[in-house]
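Shown next, in structure tokens, is the structure this report addresses.
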Amino acid sequence: MKTATELQQLADICEERGDYAKAARLHGKALIAAERTYEADSSELVSFLYNSGMISLALDDSEKASILFARLLQLLESVGGSSNDIEEVHQLIFALEKNTLAANA
């Protein structure tokens, strides 16, 4: 069985090749593996949540991206993430909410 990091590396390769659907599946598997490996409040989950959120965003799955970014923001705030990282996630969430409101108008 591959580790979370190995799965994430494979996902990155698929993403670079333009196979976003496969990349999304692998990022999802990587996140699940990471959640089994690390505590729920571990900073080790940051990159897995971020990458899963970004690929969901790229595939226009705004609902899933919003959930992942909300978890990521909560984690960053609890582990003392950098202000730049927290601000970036705030901006991503804001953009998703703005797009959702515009789509529902």
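Here's how to read the names in the structure tokens: chain A, B, ... by the order shown, residue numbers from 1 in each chain, ligand numbers from 1 in the order shown.
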
> Can you tell me, as a VMD selection string, what residues are no more than 10 Å from A:Asp41 when counting only C-alpha atoms, ignoring any on the same chain fewer than 5 positions away?
Replying inline: chain A and resid 35 46 74 to 76 78 to 79

For N, CA and C atoms, I'd like the residues from the last selection saved as a short mmCIF file (atom, residue, chain, number, x, y, z; two decimals), in the first residue's frame.
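Wrote it out as again.cif, contents follow:
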data_model
loop_
_atom_site.label_atom_id
_atom_site.label_comp_id
_atom_site.auth_asym_id
_atom_site.auth_seq_id
_atom_site.Cartn_x
_atom_site.Cartn_y
_atom_site.Cartn_z
N GLU A 35 -5.17 11.15 6.83
CA GLU A 35 -6.07 11.22 7.99
C GLU A 35 -5.94 9.97 8.85
N VAL A 46 -2.12 19.72 6.30
CA VAL A 46 -2.30 20.97 5.55
C VAL A 46 -2.14 20.77 4.05
N GLN A 74 -9.66 26.03 9.41
CA GLN A 74 -9.77 25.68 10.83
C GLN A 74 -8.45 25.08 11.33
N LEU A 75 -7.87 24.20 10.54
CA LEU A 75 -6.61 23.57 10.93
C LEU A 75 -5.48 24.59 11.01
N LEU A 76 -5.36 25.44 9.99
CA LEU A 76 -4.31 26.45 10.00
C LEU A 76 -4.42 27.37 11.21
N SER A 78 -5.78 26.62 14.07
CA SER A 78 -5.52 25.90 15.32
C SER A 78 -4.05 25.55 15.50
N VAL A 79 -3.31 25.38 14.42
CA VAL A 79 -1.89 25.02 14.55
C VAL A 79 -0.97 26.23 14.41
#

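If you count only C-alpha atoms and ignore residues fewer than 6 places along the chain from stretch 50-63 of chain A, what sits within 9 Å of it is Gln8, Asp12, Glu15, Tyr20, Ala21, Ala23, Ala24, Leu26, His27, Gly28, Ala30, Leu31, Phe69, Leu72, Val89, Leu96, Glu97, Asn99 and Thr100 of chain A.
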
File dump, residues just selected, N, CA and C atoms, as a PDB file, in the first residue's frame:
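New file out_19.pdb:
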ATOM      1  N   GLN A   8       0.162  11.430  -3.060  1.00  0.00           N
ATOM      2  CA  GLN A   8       0.135  12.845  -3.417  1.00  0.00           C
ATOM      3  C   GLN A   8       1.116  13.134  -4.557  1.00  0.00           C
ATOM      4  N   ASP A  12       0.206  14.619  -8.217  1.00  0.00           N
ATOM      5  CA  ASP A  12       0.870  15.777  -8.808  1.00  0.00           C
ATOM      6  C   ASP A  12       1.336  15.490 -10.235  1.00  0.00           C
ATOM      7  N   GLU A  15      -1.668  15.522 -12.463  1.00  0.00           N
ATOM      8  CA  GLU A  15      -2.093  16.906 -12.640  1.00  0.00           C
ATOM      9  C   GLU A  15      -1.218  17.612 -13.672  1.00  0.00           C
ATOM     10  N   TYR A  20      -6.762  15.564 -14.744  1.00  0.00           N
ATOM     11  CA  TYR A  20      -7.258  16.117 -13.493  1.00  0.00           C
ATOM     12  C   TYR A  20      -8.192  15.169 -12.754  1.00  0.00           C
ATOM     13  N   ALA A  21      -8.958  14.391 -13.488  1.00  0.00           N
ATOM     14  CA  ALA A  21      -9.872  13.449 -12.829  1.00  0.00           C
ATOM     15  C   ALA A  21      -9.082  12.409 -12.034  1.00  0.00           C
ATOM     16  N   ALA A  23      -5.995  12.771 -11.013  1.00  0.00           N
ATOM     17  CA  ALA A  23      -5.314  13.515  -9.954  1.00  0.00           C
ATOM     18  C   ALA A  23      -6.247  13.723  -8.764  1.00  0.00           C
ATOM     19  N   ALA A  24      -7.508  14.044  -9.039  1.00  0.00           N
ATOM     20  CA  ALA A  24      -8.476  14.255  -7.959  1.00  0.00           C
ATOM     21  C   ALA A  24      -8.679  12.977  -7.151  1.00  0.00           C
ATOM     22  N   LEU A  26      -6.565  10.513  -6.797  1.00  0.00           N
ATOM     23  CA  LEU A  26      -5.343  10.241  -6.027  1.00  0.00           C
ATOM     24  C   LEU A  26      -5.173  11.210  -4.866  1.00  0.00           C
ATOM     25  N   HIS A  27      -5.510  12.486  -5.080  1.00  0.00           N
ATOM     26  CA  HIS A  27      -5.443  13.444  -3.966  1.00  0.00           C
ATOM     27  C   HIS A  27      -6.428  13.040  -2.874  1.00  0.00           C
ATOM     28  N   GLY A  28      -7.603  12.558  -3.269  1.00  0.00           N
ATOM     29  CA  GLY A  28      -8.578  12.089  -2.286  1.00  0.00           C
ATOM     30  C   GLY A  28      -8.058  10.899  -1.495  1.00  0.00           C
ATOM     31  N   ALA A  30      -4.925  10.184  -1.057  1.00  0.00           N
ATOM     32  CA  ALA A  30      -3.810  10.678  -0.246  1.00  0.00           C
ATOM     33  C   ALA A  30      -4.330  11.315   1.036  1.00  0.00           C
ATOM     34  N   LEU A  31      -5.403  12.088   0.925  1.00  0.00           N
ATOM     35  CA  LEU A  31      -5.992  12.725   2.106  1.00  0.00           C
ATOM     36  C   LEU A  31      -6.509  11.676   3.078  1.00  0.00           C
ATOM     37  N   PHE A  69     -11.561  23.575   2.048  1.00  0.00           N
ATOM     38  CA  PHE A  69     -10.913  24.826   2.451  1.00  0.00           C
ATOM     39  C   PHE A  69     -11.360  25.270   3.841  1.00  0.00           C
ATOM     40  N   LEU A  72      -9.372  23.220   6.122  1.00  0.00           N
ATOM     41  CA  LEU A  72      -7.990  23.707   6.072  1.00  0.00           C
ATOM     42  C   LEU A  72      -7.837  24.982   6.890  1.00  0.00           C
ATOM     43  N   VAL A  89      -6.269  31.123   2.098  1.00  0.00           N
ATOM     44  CA  VAL A  89      -7.444  30.257   2.233  1.00  0.00           C
ATOM     45  C   VAL A  89      -8.700  31.101   2.415  1.00  0.00           C
ATOM     46  N   LEU A  96     -15.108  31.447  -3.646  1.00  0.00           N
ATOM     47  CA  LEU A  96     -16.103  30.381  -3.820  1.00  0.00           C
ATOM     48  C   LEU A  96     -17.500  30.863  -3.406  1.00  0.00           C
ATOM     49  N   GLU A  97     -17.585  31.557  -2.282  1.00  0.00           N
ATOM     50  CA  GLU A  97     -18.873  32.065  -1.822  1.00  0.00           C
ATOM     51  C   GLU A  97     -19.441  33.090  -2.802  1.00  0.00           C
ATOM     52  N   ASN A  99     -18.831  33.278  -6.037  1.00  0.00           N
ATOM     53  CA  ASN A  99     -19.267  32.566  -7.240  1.00  0.00           C
ATOM     54  C   ASN A  99     -20.584  31.832  -7.000  1.00  0.00           C
ATOM     55  N   THR A 100     -20.750  31.275  -5.812  1.00  0.00           N
ATOM     56  CA  THR A 100     -21.983  30.573  -5.476  1.00  0.00           C
ATOM     57  C   THR A 100     -23.156  31.552  -5.442  1.00  0.00           C
TER      58      THR A 100
END

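You can rank A:Ile86, A:Cys14, A:Leu7, A:Ala70 by their closest distance to A:Phe48 using only C-alpha atoms, and at the top of that list sits A:Leu7.
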
> With distances taken over only C-alpha atoms, which of A:Lys22, A:Ile93, A:Asp85, A:Ala33 is nearest to A:Ile67?
Replying inline: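 Nearest candidate to A:Ile67 out of A:Lys22, A:Ile93, A:Asp85, A:Ala33: A:Ile93.
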
> Using the chain letters and numbers from this document, which residues of chain A does DSSP assign to helix (DSSP H, G or I), as a ChimeraX atom specification?
Replying inline: /A:4-16,20-37,43-58,62-79,83-104

> Out of A:Arg17, A:Glu6, A:Ala11, A:Leu73, which residue has the shortest atom-to-atom distance to A:Ser43 when counting only C-alpha atoms?
Replying inline: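 Of the candidates, the smallest distance to A:Ser43 is held by A:Leu73.
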